[in-house]
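The file coords_38.pdb contains PDB, C-alpha atoms and all ligand atoms:
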```pdb
ATOM      1  CA  MET N   1     181.159   8.510  70.555  1.00  0.00           C
ATOM      2  CA  GLU N   2     180.417   9.511  66.996  1.00  0.00           C
ATOM      3  CA  ILE N   3     180.428  13.158  66.007  1.00  0.00           C
ATOM      4  CA  LYS N   4     178.508  14.079  62.874  1.00  0.00           C
ATOM      5  CA  TRP N   5     178.792  17.574  61.389  1.00  0.00           C
ATOM      6  CA  LEU N   6     175.424  18.829  60.176  1.00  0.00           C
ATOM      7  CA  GLY N   7     176.978  21.913  58.568  1.00  0.00           C
ATOM      8  CA  HIS N   8     177.688  25.359  60.105  1.00  0.00           C
ATOM      9  CA  ALA N   9     177.684  25.028  63.927  1.00  0.00           C
ATOM     10  CA  ALA N  10     175.301  22.060  64.020  1.00  0.00           C
ATOM     11  CA  PHE N  11     176.540  18.723  65.364  1.00  0.00           C
ATOM     12  CA  GLU N  12     174.939  15.411  66.214  1.00  0.00           C
ATOM     13  CA  LEU N  13     176.765  13.517  68.962  1.00  0.00           C
ATOM     14  CA  SER N  14     175.867   9.842  69.176  1.00  0.00           C
ATOM     15  CA  THR N  15     176.866   9.204  72.771  1.00  0.00           C
ATOM     16  CA  SER N  16     176.735   6.163  75.033  1.00  0.00           C
ATOM     17  CA  LYS N  17     173.604   7.759  76.566  1.00  0.00           C
ATOM     18  CA  GLY N  18     171.808   8.695  73.337  1.00  0.00           C
ATOM     19  CA  LYS N  19     171.784  11.461  70.781  1.00  0.00           C
ATOM     20  CA  VAL N  20     172.780  15.020  71.647  1.00  0.00           C
ATOM     21  CA  LEU N  21     172.341  17.841  69.156  1.00  0.00           C
ATOM     22  CA  ILE N  22     174.170  21.145  69.395  1.00  0.00           C
ATOM     23  CA  ASP N  23     172.857  24.237  67.551  1.00  0.00           C
ATOM     24  CA  PRO N  24     170.670  22.291  65.071  1.00  0.00           C
ATOM     25  CA  PHE N  25     170.287  24.861  62.279  1.00  0.00           C
ATOM     26  CA  LEU N  26     169.090  22.790  59.302  1.00  0.00           C
ATOM     27  CA  THR N  27     166.158  24.551  57.610  1.00  0.00           C
ATOM     28  CA  ASN N  28     167.654  27.250  55.342  1.00  0.00           C
ATOM     29  CA  ASN N  29     171.184  26.041  56.113  1.00  0.00           C
ATOM     30  CA  PRO N  30     172.744  25.612  52.653  1.00  0.00           C
ATOM     31  CA  MET N  31     175.291  23.148  54.111  1.00  0.00           C
ATOM     32  CA  ALA N  32     172.798  20.936  55.944  1.00  0.00           C
ATOM     33  CA  PRO N  33     173.081  17.289  54.832  1.00  0.00           C
ATOM     34  CA  VAL N  34     169.769  16.297  56.456  1.00  0.00           C
ATOM     35  CA  LYS N  35     166.351  17.781  57.104  1.00  0.00           C
ATOM     36  CA  ALA N  36     165.215  18.555  60.629  1.00  0.00           C
ATOM     37  CA  GLU N  37     162.481  15.912  60.323  1.00  0.00           C
ATOM     38  CA  ASP N  38     165.105  13.232  59.583  1.00  0.00           C
ATOM     39  CA  LEU N  39     166.505  13.573  63.109  1.00  0.00           C
ATOM     40  CA  LYS N  40     164.940  11.036  65.438  1.00  0.00           C
ATOM     41  CA  GLU N  41     165.407   9.782  68.985  1.00  0.00           C
ATOM     42  CA  VAL N  42     167.160  12.924  70.172  1.00  0.00           C
ATOM     43  CA  LYS N  43     167.637  13.074  73.945  1.00  0.00           C
ATOM     44  CA  VAL N  44     169.208  16.493  74.461  1.00  0.00           C
ATOM     45  CA  ILE N  45     169.555  19.664  72.380  1.00  0.00           C
ATOM     46  CA  VAL N  46     172.006  22.333  73.499  1.00  0.00           C
ATOM     47  CA  VAL N  47     171.487  25.822  72.072  1.00  0.00           C
ATOM     48  CA  THR N  48     174.468  28.126  72.599  1.00  0.00           C
ATOM     49  CA  HIS N  49     172.600  31.376  71.806  1.00  0.00           C
ATOM     50  CA  ASP N  50     169.510  32.717  70.095  1.00  0.00           C
ATOM     51  CA  HIS N  51     170.876  33.708  66.670  1.00  0.00           C
ATOM     52  CA  PHE N  52     168.857  32.019  63.920  1.00  0.00           C
ATOM     53  CA  ASP N  53     171.825  29.985  62.708  1.00  0.00           C
ATOM     54  CA  HIS N  54     172.161  28.343  66.149  1.00  0.00           C
ATOM     55  CA  LEU N  55     168.653  28.136  67.613  1.00  0.00           C
ATOM     56  CA  GLY N  56     167.634  26.861  64.175  1.00  0.00           C
ATOM     57  CA  ASP N  57     165.201  23.926  64.307  1.00  0.00           C
ATOM     58  CA  ALA N  58     165.730  23.215  68.021  1.00  0.00           C
ATOM     59  CA  VAL N  59     162.113  23.840  69.007  1.00  0.00           C
ATOM     60  CA  ASP N  60     160.626  21.761  66.171  1.00  0.00           C
ATOM     61  CA  ILE N  61     162.957  18.834  66.829  1.00  0.00           C
ATOM     62  CA  ALA N  62     162.341  19.004  70.583  1.00  0.00           C
ATOM     63  CA  LYS N  63     158.559  19.040  70.102  1.00  0.00           C
ATOM     64  CA  ARG N  64     158.727  16.002  67.846  1.00  0.00           C
ATOM     65  CA  THR N  65     161.277  13.935  69.774  1.00  0.00           C
ATOM     66  CA  GLY N  66     160.673  15.069  73.373  1.00  0.00           C
ATOM     67  CA  ALA N  67     164.319  16.111  73.634  1.00  0.00           C
ATOM     68  CA  LYS N  68     165.253  18.412  76.496  1.00  0.00           C
ATOM     69  CA  VAL N  69     166.544  21.803  75.387  1.00  0.00           C
ATOM     70  CA  VAL N  70     169.488  23.184  77.353  1.00  0.00           C
ATOM     71  CA  ALA N  71     169.986  26.955  77.179  1.00  0.00           C
ATOM     72  CA  VAL N  72     170.552  29.987  79.409  1.00  0.00           C
ATOM     73  CA  PRO N  73     167.391  30.945  81.370  1.00  0.00           C
ATOM     74  CA  GLU N  74     166.407  33.994  79.274  1.00  0.00           C
ATOM     75  CA  LEU N  75     166.499  31.929  76.092  1.00  0.00           C
ATOM     76  CA  ALA N  76     164.982  28.790  77.639  1.00  0.00           C
ATOM     77  CA  SER N  77     162.007  30.705  79.065  1.00  0.00           C
ATOM     78  CA  SER N  78     161.232  32.153  75.615  1.00  0.00           C
ATOM     79  CA  LEU N  79     160.798  28.701  74.045  1.00  0.00           C
ATOM     80  CA  SER N  80     157.231  27.472  74.345  1.00  0.00           C
ATOM     81  CA  GLY N  81     155.955  23.915  74.102  1.00  0.00           C
ATOM     82  CA  VAL N  82     159.284  22.248  74.861  1.00  0.00           C
ATOM     83  CA  ASP N  83     160.914  20.767  77.944  1.00  0.00           C
ATOM     84  CA  THR N  84     163.842  23.029  78.829  1.00  0.00           C
ATOM     85  CA  VAL N  85     166.763  22.832  81.233  1.00  0.00           C
ATOM     86  CA  ALA N  86     167.542  26.463  82.009  1.00  0.00           C
ATOM     87  CA  ILE N  87     171.097  26.340  83.269  1.00  0.00           C
ATOM     88  CA  ASN N  88     173.582  29.153  83.336  1.00  0.00           C
ATOM     89  CA  MET N  89     177.295  29.191  82.719  1.00  0.00           C
ATOM     90  CA  GLY N  90     179.211  27.533  85.526  1.00  0.00           C
ATOM     91  CA  SER N  91     179.410  23.769  85.950  1.00  0.00           C
ATOM     92  CA  TYR N  92     178.170  20.366  84.829  1.00  0.00           C
ATOM     93  CA  VAL N  93     174.490  19.499  85.120  1.00  0.00           C
ATOM     94  CA  GLU N  94     173.188  16.007  84.378  1.00  0.00           C
ATOM     95  CA  VAL N  95     170.590  15.924  81.615  1.00  0.00           C
ATOM     96  CA  GLU N  96     169.248  12.527  80.489  1.00  0.00           C
ATOM     97  CA  GLY N  97     172.388  10.832  81.785  1.00  0.00           C
ATOM     98  CA  VAL N  98     174.733  13.176  79.904  1.00  0.00           C
ATOM     99  CA  ARG N  99     176.704  15.886  81.663  1.00  0.00           C
ATOM    100  CA  VAL N 100     176.341  19.319  80.085  1.00  0.00           C
ATOM    101  CA  ALA N 101     178.001  22.567  81.146  1.00  0.00           C
ATOM    102  CA  LEU N 102     177.648  25.994  79.612  1.00  0.00           C
ATOM    103  CA  VAL N 103     180.816  28.076  79.501  1.00  0.00           C
ATOM    104  CA  GLN N 104     181.677  31.605  78.416  1.00  0.00           C
ATOM    105  CA  ALA N 105     181.660  32.801  74.841  1.00  0.00           C
ATOM    106  CA  PHE N 106     182.404  36.350  73.726  1.00  0.00           C
ATOM    107  CA  HIS N 107     179.709  37.294  71.221  1.00  0.00           C
ATOM    108  CA  THR N 108     176.291  38.983  71.221  1.00  0.00           C
ATOM    109  CA  CYS N 109     172.668  37.835  71.269  1.00  0.00           C
ATOM    110  CA  SER N 110     169.208  39.081  72.260  1.00  0.00           C
ATOM    111  CA  ARG N 111     168.135  36.649  74.990  1.00  0.00           C
ATOM    112  CA  GLY N 112     170.548  36.301  77.907  1.00  0.00           C
ATOM    113  CA  PHE N 113     174.196  35.775  77.014  1.00  0.00           C
ATOM    114  CA  PRO N 114     175.890  33.614  74.386  1.00  0.00           C
ATOM    115  CA  ALA N 115     177.623  30.480  75.638  1.00  0.00           C
ATOM    116  CA  GLY N 116     179.809  27.599  74.621  1.00  0.00           C
ATOM    117  CA  CYS N 117     179.089  24.120  75.937  1.00  0.00           C
ATOM    118  CA  ILE N 118     180.833  21.034  77.266  1.00  0.00           C
ATOM    119  CA  VAL N 119     179.215  17.629  76.769  1.00  0.00           C
ATOM    120  CA  ASN N 120     180.498  14.550  78.605  1.00  0.00           C
ATOM    121  CA  ASP N 121     178.892  11.109  78.275  1.00  0.00           C
ATOM    122  CA  GLY N 122     181.123   9.420  80.835  1.00  0.00           C
ATOM    123  CA  PHE N 123     183.707   8.481  78.211  1.00  0.00           C
ATOM    124  CA  VAL N 124     184.348  11.429  75.929  1.00  0.00           C
ATOM    125  CA  THR N 125     184.328  15.183  76.511  1.00  0.00           C
ATOM    126  CA  VAL N 126     183.418  17.579  73.709  1.00  0.00           C
ATOM    127  CA  TYR N 127     183.784  21.369  73.837  1.00  0.00           C
ATOM    128  CA  HIS N 128     181.614  23.308  71.371  1.00  0.00           C
ATOM    129  CA  ALA N 129     182.759  26.936  71.547  1.00  0.00           C
ATOM    130  CA  GLY N 130     179.530  28.432  70.132  1.00  0.00           C
ATOM    131  CA  ASP N 131     180.108  31.716  68.348  1.00  0.00           C
ATOM    132  CA  THR N 132     182.997  33.489  69.992  1.00  0.00           C
ATOM    133  CA  SER N 133     186.052  35.647  69.628  1.00  0.00           C
ATOM    134  CA  LEU N 134     189.333  34.414  71.042  1.00  0.00           C
ATOM    135  CA  PHE N 135     189.669  34.792  74.830  1.00  0.00           C
ATOM    136  CA  GLY N 136     192.392  33.803  77.277  1.00  0.00           C
ATOM    137  CA  ASP N 137     190.197  31.730  79.568  1.00  0.00           C
ATOM    138  CA  MET N 138     189.891  29.096  76.857  1.00  0.00           C
ATOM    139  CA  LYS N 139     193.070  27.874  78.554  1.00  0.00           C
ATOM    140  CA  LEU N 140     191.082  27.436  81.764  1.00  0.00           C
ATOM    141  CA  ILE N 141     188.298  25.602  79.906  1.00  0.00           C
ATOM    142  CA  GLY N 142     190.980  23.261  78.565  1.00  0.00           C
ATOM    143  CA  GLU N 143     192.495  22.707  82.022  1.00  0.00           C
ATOM    144  CA  VAL N 144     189.215  22.162  83.861  1.00  0.00           C
ATOM    145  CA  TYR N 145     187.275  20.040  81.342  1.00  0.00           C
ATOM    146  CA  ARG N 146     190.142  18.431  79.383  1.00  0.00           C
ATOM    147  CA  PRO N 147     188.124  18.117  76.167  1.00  0.00           C
ATOM    148  CA  ASP N 148     188.986  15.239  73.884  1.00  0.00           C
ATOM    149  CA  VAL N 149     187.457  17.150  70.999  1.00  0.00           C
ATOM    150  CA  ALA N 150     187.044  20.898  70.445  1.00  0.00           C
ATOM    151  CA  LEU N 151     184.560  22.187  67.868  1.00  0.00           C
ATOM    152  CA  LEU N 152     185.716  25.707  66.989  1.00  0.00           C
ATOM    153  CA  PRO N 153     184.358  28.449  64.709  1.00  0.00           C
ATOM    154  CA  ILE N 154     186.971  29.561  62.167  1.00  0.00           C
ATOM    155  CA  GLY N 155     184.928  31.577  59.650  1.00  0.00           C
ATOM    156  CA  GLY N 156     185.698  35.127  60.820  1.00  0.00           C
ATOM    157  CA  TYR N 157     183.279  38.091  60.450  1.00  0.00           C
ATOM    158  CA  TYR N 158     181.044  36.907  63.342  1.00  0.00           C
ATOM    159  CA  THR N 159     183.610  34.765  65.169  1.00  0.00           C
ATOM    160  CA  MET N 160     187.298  33.876  65.370  1.00  0.00           C
ATOM    161  CA  GLY N 161     189.035  33.572  62.033  1.00  0.00           C
ATOM    162  CA  PRO N 162     191.525  30.824  61.137  1.00  0.00           C
ATOM    163  CA  LYS N 163     194.481  32.368  62.994  1.00  0.00           C
ATOM    164  CA  GLU N 164     192.558  33.186  66.188  1.00  0.00           C
ATOM    165  CA  ALA N 165     191.015  29.709  66.166  1.00  0.00           C
ATOM    166  CA  ALA N 166     194.474  28.141  65.869  1.00  0.00           C
ATOM    167  CA  VAL N 167     195.630  30.169  68.882  1.00  0.00           C
ATOM    168  CA  ALA N 168     192.503  28.881  70.675  1.00  0.00           C
ATOM    169  CA  VAL N 169     193.611  25.317  69.886  1.00  0.00           C
ATOM    170  CA  SER N 170     196.998  26.033  71.479  1.00  0.00           C
ATOM    171  CA  LEU N 171     195.209  27.279  74.636  1.00  0.00           C
ATOM    172  CA  ILE N 172     192.593  24.512  74.894  1.00  0.00           C
ATOM    173  CA  LYS N 173     194.943  21.641  73.966  1.00  0.00           C
ATOM    174  CA  PRO N 174     192.282  19.117  72.924  1.00  0.00           C
ATOM    175  CA  LYS N 175     193.302  15.799  71.360  1.00  0.00           C
ATOM    176  CA  VAL N 176     191.268  16.607  68.259  1.00  0.00           C
ATOM    177  CA  VAL N 177     189.927  19.860  66.794  1.00  0.00           C
ATOM    178  CA  ILE N 178     187.134  20.035  64.231  1.00  0.00           C
ATOM    179  CA  PRO N 179     186.610  23.418  62.505  1.00  0.00           C
ATOM    180  CA  MET N 180     183.075  24.759  61.978  1.00  0.00           C
ATOM    181  CA  HIS N 181     181.128  27.951  61.162  1.00  0.00           C
ATOM    182  CA  TYR N 182     182.838  28.588  57.810  1.00  0.00           C
ATOM    183  CA  ALA N 183     181.772  28.594  54.138  1.00  0.00           C
ATOM    184  CA  THR N 184     178.042  28.660  54.990  1.00  0.00           C
ATOM    185  CA  PHE N 185     177.520  32.311  54.079  1.00  0.00           C
ATOM    186  CA  PRO N 186     179.416  34.496  51.573  1.00  0.00           C
ATOM    187  CA  VAL N 187     181.092  36.635  54.294  1.00  0.00           C
ATOM    188  CA  LEU N 188     182.673  33.627  55.996  1.00  0.00           C
ATOM    189  CA  VAL N 189     186.071  32.093  55.262  1.00  0.00           C
ATOM    190  CA  LYS N 190     185.635  29.600  52.430  1.00  0.00           C
ATOM    191  CA  SER N 191     187.956  26.754  53.378  1.00  0.00           C
ATOM    192  CA  PRO N 192     189.742  25.303  56.420  1.00  0.00           C
ATOM    193  CA  ASP N 193     193.177  25.453  54.702  1.00  0.00           C
ATOM    194  CA  GLU N 194     194.596  28.477  56.551  1.00  0.00           C
ATOM    195  CA  PHE N 195     193.310  27.097  59.855  1.00  0.00           C
ATOM    196  CA  LEU N 196     195.033  23.756  59.199  1.00  0.00           C
ATOM    197  CA  GLU N 197     198.325  25.536  58.411  1.00  0.00           C
ATOM    198  CA  GLU N 198     198.119  27.670  61.543  1.00  0.00           C
ATOM    199  CA  VAL N 199     197.320  24.659  63.762  1.00  0.00           C
ATOM    200  CA  LYS N 200     200.358  22.868  62.349  1.00  0.00           C
ATOM    201  CA  LYS N 201     202.489  25.860  63.391  1.00  0.00           C
ATOM    202  CA  ARG N 202     200.928  26.661  66.761  1.00  0.00           C
ATOM    203  CA  ALA N 203     199.676  23.314  68.100  1.00  0.00           C
ATOM    204  CA  PRO N 204     201.272  20.523  66.047  1.00  0.00           C
ATOM    205  CA  GLU N 205     200.402  17.941  68.719  1.00  0.00           C
ATOM    206  CA  VAL N 206     196.665  18.462  68.099  1.00  0.00           C
ATOM    207  CA  LYS N 207     194.984  16.463  65.335  1.00  0.00           C
ATOM    208  CA  ALA N 208     192.832  18.665  63.102  1.00  0.00           C
ATOM    209  CA  VAL N 209     189.965  16.765  61.494  1.00  0.00           C
ATOM    210  CA  VAL N 210     188.038  18.384  58.649  1.00  0.00           C
ATOM    211  CA  LEU N 211     184.569  16.927  58.140  1.00  0.00           C
ATOM    212  CA  LYS N 212     182.300  17.376  55.174  1.00  0.00           C
ATOM    213  CA  PRO N 213     178.698  18.132  56.128  1.00  0.00           C
ATOM    214  CA  GLY N 214     177.114  14.764  56.952  1.00  0.00           C
ATOM    215  CA  GLU N 215     180.463  13.133  57.644  1.00  0.00           C
ATOM    216  CA  VAL N 216     181.115  11.351  60.938  1.00  0.00           C
ATOM    217  CA  TYR N 217     184.239  11.357  63.116  1.00  0.00           C
ATOM    218  CA  GLN N 218     184.417   8.244  65.221  1.00  0.00           C
ATOM    219  CA  LEU N 219     186.440   8.579  68.387  1.00  0.00           C
ATOM    220  CA  PRO N 220     188.877   5.765  68.856  1.00  0.00           C
TER     221      PRO N 220
HETATM  222 ZN    ZN C   1     175.813  34.172  66.663  1.00  0.00          ZN
END
```
Could I get this structure in the form of structure tokens?
Amino acid sequence: MEIKWLGHAAFELSTSKGKVLIDPFLTNNPMAPVKAEDLKEVKVIVVTHDHFDHLGDAVDIAKRTGAKVVAVPELASSLSGVDTVAINMGSYVEVEGVRVALVQAFHTCSRGFPAGCIVNDGFVTVYHAGDTSLFGDMKLIGEVYRPDVALLPIGGYYTMGPKEAAVAVSLIKPKVVIPMHYATFPVLVKSPDEFLEEVKKRAPEVKAVVLKPGEVYQLP
């Protein structure tokens, strides 16, 4: 699997089953390395919650590509003109050959509840935490889903900051962690440096990979 950071909380996963987007916020995202219309052949789009910087261009991309949009029922039912999969937090559901689960996130939103997501293509498991504070059951998410890669917000203000995110890494115990949701807006933490230091202290066995927007991490 290849994991491309599209800036902020947006990721493109090139899986063995096709392309999966998570929180594709590109239009008006100052960190976005591509335009929404550049994204083609998308199979699945997971939207963790309805804030503009997560729902983003999901509807436009889904209309153009025919991608299925996975979101909690209250959010899914508000999206018109797209094919949705209205699952709730709980367990894996197969969507276009990829297994997707929504899991808890502690945050706010207007439609339904905010979530994190797990994506598994039969080879690799990715945990995208959405927007969230630190919570103890991240340990359980780590034990149950055994993510190879965790994508965690570190920017503070709306989510965990660098220290909380490093504690999250020590609970989840992924093989690799990729920080996200920082530096996009002025109120957010500007660099991943403190996060990297804290991970070294709290979870030295976990490899922290910092991507530039547009950069790809290829899983071995
Ligand atoms: Zn949010």
d(CA of Ile61 (chain N), CA of Val44 (chain N)) in Å: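 Taking CA of Ile61 (chain N) as the start and CA of Val44 (chain N) as the end point, the length is 10.1 Å.
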Report the closest atom pair, with its distance in Å rounded to one decimal, for each residue of chain N that has an atom no farther than 9 Å from ligand ZN 1 (chain C); count all atoms listed in the file, sort by chain and then rising residue number, and write it as a tab-separated table.
```
residue	atom	partner	partner_atom	distance
N:Thr48	CA	C:ZN1	ZN	8.6
N:His49	CA	C:ZN1	ZN	6.7
N:Asp50	CA	C:ZN1	ZN	7.3
N:His51	CA	C:ZN1	ZN	5.0
N:Phe52	CA	C:ZN1	ZN	7.8
N:Asp53	CA	C:ZN1	ZN	7.0
N:His54	CA	C:ZN1	ZN	6.9
N:His107	CA	C:ZN1	ZN	6.8
N:Thr108	CA	C:ZN1	ZN	6.6
N:Cys109	CA	C:ZN1	ZN	6.7
N:Pro114	CA	C:ZN1	ZN	7.7
N:Gly130	CA	C:ZN1	ZN	7.7
N:Asp131	CA	C:ZN1	ZN	5.2
N:Thr132	CA	C:ZN1	ZN	7.9
N:Tyr158	CA	C:ZN1	ZN	6.8
N:Thr159	CA	C:ZN1	ZN	8.0
```
List the residues selected by the PyMOL selection byres (((chain N and resi 194) around 12) and not hetatm) in the file shown, writing them as a PyMOL selection string. chain N and resi 154-156+161-166+179+182+189-193+195-201+208
Which residues of region 98-197 of chain N come within 10 Å of region 27-30 of chain N, and what is each one's closest atom pair and distance in Å (one decimal), counting all atoms listed in the file, sorted by chain and residue number, as JSON lines?
```
{"residue": "N:Ala183", "atom": "CA", "partner": "N:Pro30", "partner_atom": "CA", "distance": 9.6}
{"residue": "N:Thr184", "atom": "CA", "partner": "N:Pro30", "partner_atom": "CA", "distance": 6.5}
{"residue": "N:Phe185", "atom": "CA", "partner": "N:Pro30", "partner_atom": "CA", "distance": 8.3}
```
To one decimal in Å, tell me the separation between CA of Val103 (chain N) and CA of Glu41 (chain N).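 CA of Glu41 (chain N) lies at a distance of 26.1 Å from CA of Val103 (chain N).
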Find the residues around region 89-92 of chain N up to 7 Å (only C-alpha atoms counted), leave out those fewer than 2 positions away in its own chain, and share them as a ChimeraX atom specification. /N:87,94,99-104
List the spatial neighbours of Arg64 (chain N) as an NGL selection string - criterion: any atom at most 12 Å away, all atoms listed in the file, same-chain residues fewer than 3 positions off excluded. :N and (36-43 or 57-61 or 67-68 or 81-83)
Using CA of Gly142 (chain N) and CA of Phe123 (chain N) as the two end points, give the distance in Å to one decimal.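 CA of Gly142 (chain N) sits 16.5 Å away from CA of Phe123 (chain N).
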Selected by the PyMOL selection byres (((chain N and resi 98) around 9) and not hetatm) in the shown coordinates: which residues, as a PDB file with C-alpha atoms, in the frame of the given file?
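Below is the file that was written, part_21.pdb:
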```
ATOM      1  CA  THR N  15     176.866   9.204  72.771  1.00  0.00           C
ATOM      2  CA  SER N  16     176.735   6.163  75.033  1.00  0.00           C
ATOM      3  CA  LYS N  17     173.604   7.759  76.566  1.00  0.00           C
ATOM      4  CA  GLY N  18     171.808   8.695  73.337  1.00  0.00           C
ATOM      5  CA  VAL N  20     172.780  15.020  71.647  1.00  0.00           C
ATOM      6  CA  VAL N  44     169.208  16.493  74.461  1.00  0.00           C
ATOM      7  CA  VAL N  93     174.490  19.499  85.120  1.00  0.00           C
ATOM      8  CA  GLU N  94     173.188  16.007  84.378  1.00  0.00           C
ATOM      9  CA  VAL N  95     170.590  15.924  81.615  1.00  0.00           C
ATOM     10  CA  GLU N  96     169.248  12.527  80.489  1.00  0.00           C
ATOM     11  CA  GLY N  97     172.388  10.832  81.785  1.00  0.00           C
ATOM     12  CA  ARG N  99     176.704  15.886  81.663  1.00  0.00           C
ATOM     13  CA  VAL N 100     176.341  19.319  80.085  1.00  0.00           C
ATOM     14  CA  VAL N 119     179.215  17.629  76.769  1.00  0.00           C
ATOM     15  CA  ASN N 120     180.498  14.550  78.605  1.00  0.00           C
ATOM     16  CA  ASP N 121     178.892  11.109  78.275  1.00  0.00           C
ATOM     17  CA  GLY N 122     181.123   9.420  80.835  1.00  0.00           C
TER      18      GLY N 122
END
```
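Distance annotation: of N:Lys207, N:His181, N:Arg111, N:Arg202, the residue with the minimal separation from Asp148 (chain N) is N:Lys207; atom set is only C-alpha atoms.
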Specify as number ranges by chain each residue included when the PyMOL selection byres (((chain N and resi 5) around 6) and not hetatm) is applied to this file. N: 4, 6-7, 11, 213-214
For a quick check of understanding, using all atoms listed in the file, which of N:Phe106, N:Val177, N:Val167, N:Met1 has the smallest distance to Pro147 (chain N)?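 Comparing N:Phe106, N:Val177, N:Val167, N:Met1 against Pro147 (chain N), the winner is N:Val177.
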Give the answer as one residue: which of N:Val69, N:Leu79, N:Met138, N:Ala129 has the shortest atom-to-atom distance to Cys117 (chain N), using all atoms listed in the file? N:Ala129
Give me, as JSON, numbers by chain, all polymer residues having an atom no more than 10 Å from Lys139 (chain N), counting all atoms listed in the file and skipping those fewer than 3 positions away in the same chain. {"N": [135, 136, 142, 143, 144, 146, 168, 169, 170, 171, 172, 173]}
Incomplete region 164-182 of chain N filled out to N, CA and C atoms as an mmCIF file, keeping the file's coordinate frame:
```cif
data_model
loop_
_atom_site.group_PDB
_atom_site.id
_atom_site.type_symbol
_atom_site.label_atom_id
_atom_site.label_comp_id
_atom_site.auth_asym_id
_atom_site.auth_seq_id
_atom_site.Cartn_x
_atom_site.Cartn_y
_atom_site.Cartn_z
ATOM 1 N N GLU N 164 193.018 33.129 64.790
ATOM 2 C CA GLU N 164 192.558 33.186 66.188
ATOM 3 C C GLU N 164 192.135 31.788 66.664
ATOM 4 N N ALA N 165 191.473 31.052 65.792
ATOM 5 C CA ALA N 165 191.015 29.709 66.166
ATOM 6 C C ALA N 165 192.204 28.775 66.417
ATOM 7 N N ALA N 166 193.281 28.972 65.653
ATOM 8 C CA ALA N 166 194.474 28.141 65.869
ATOM 9 C C ALA N 166 195.131 28.491 67.204
ATOM 10 N N VAL N 167 195.115 29.781 67.566
ATOM 11 C CA VAL N 167 195.630 30.169 68.882
ATOM 12 C C VAL N 167 194.745 29.534 69.968
ATOM 13 N N ALA N 168 193.431 29.529 69.735
ATOM 14 C CA ALA N 168 192.503 28.881 70.675
ATOM 15 C C ALA N 168 192.873 27.412 70.870
ATOM 16 N N VAL N 169 193.218 26.734 69.800
ATOM 17 C CA VAL N 169 193.611 25.317 69.886
ATOM 18 C C VAL N 169 194.828 25.179 70.810
ATOM 19 N N SER N 170 195.786 26.112 70.667
ATOM 20 C CA SER N 170 196.998 26.033 71.479
ATOM 21 C C SER N 170 196.688 26.297 72.954
ATOM 22 N N LEU N 171 195.609 27.027 73.243
ATOM 23 C CA LEU N 171 195.209 27.279 74.636
ATOM 24 C C LEU N 171 194.428 26.107 75.211
ATOM 25 N N ILE N 172 193.505 25.565 74.412
ATOM 26 C CA ILE N 172 192.593 24.512 74.894
ATOM 27 C C ILE N 172 193.293 23.159 74.975
ATOM 28 N N LYS N 173 194.202 22.912 74.037
ATOM 29 C CA LYS N 173 194.943 21.641 73.966
ATOM 30 C C LYS N 173 194.032 20.403 73.948
ATOM 31 N N PRO N 174 193.085 20.343 73.039
ATOM 32 C CA PRO N 174 192.282 19.117 72.924
ATOM 33 C C PRO N 174 193.112 18.049 72.205
ATOM 34 N N LYS N 175 192.609 16.814 72.161
ATOM 35 C CA LYS N 175 193.302 15.799 71.360
ATOM 36 C C LYS N 175 192.995 16.048 69.881
ATOM 37 N N VAL N 176 191.744 16.435 69.633
ATOM 38 C CA VAL N 176 191.268 16.607 68.259
ATOM 39 C C VAL N 176 190.531 17.939 68.153
ATOM 40 N N VAL N 177 190.735 18.663 67.056
ATOM 41 C CA VAL N 177 189.927 19.860 66.794
ATOM 42 C C VAL N 177 189.208 19.699 65.460
ATOM 43 N N ILE N 178 187.930 20.071 65.462
ATOM 44 C CA ILE N 178 187.134 20.035 64.231
ATOM 45 C C ILE N 178 186.653 21.462 63.955
ATOM 46 N N PRO N 179 187.047 22.049 62.803
ATOM 47 C CA PRO N 179 186.610 23.418 62.505
ATOM 48 C C PRO N 179 185.157 23.462 62.051
ATOM 49 N N MET N 180 184.491 24.581 62.350
ATOM 50 C CA MET N 180 183.075 24.759 61.978
ATOM 51 C C MET N 180 182.824 26.232 61.694
ATOM 52 N N HIS N 181 181.562 26.553 61.352
ATOM 53 C CA HIS N 181 181.128 27.951 61.162
ATOM 54 C C HIS N 181 181.970 28.647 60.094
ATOM 55 N N TYR N 182 182.171 27.961 58.968
ATOM 56 C CA TYR N 182 182.838 28.588 57.810
ATOM 57 C C TYR N 182 182.118 28.124 56.544
#
```
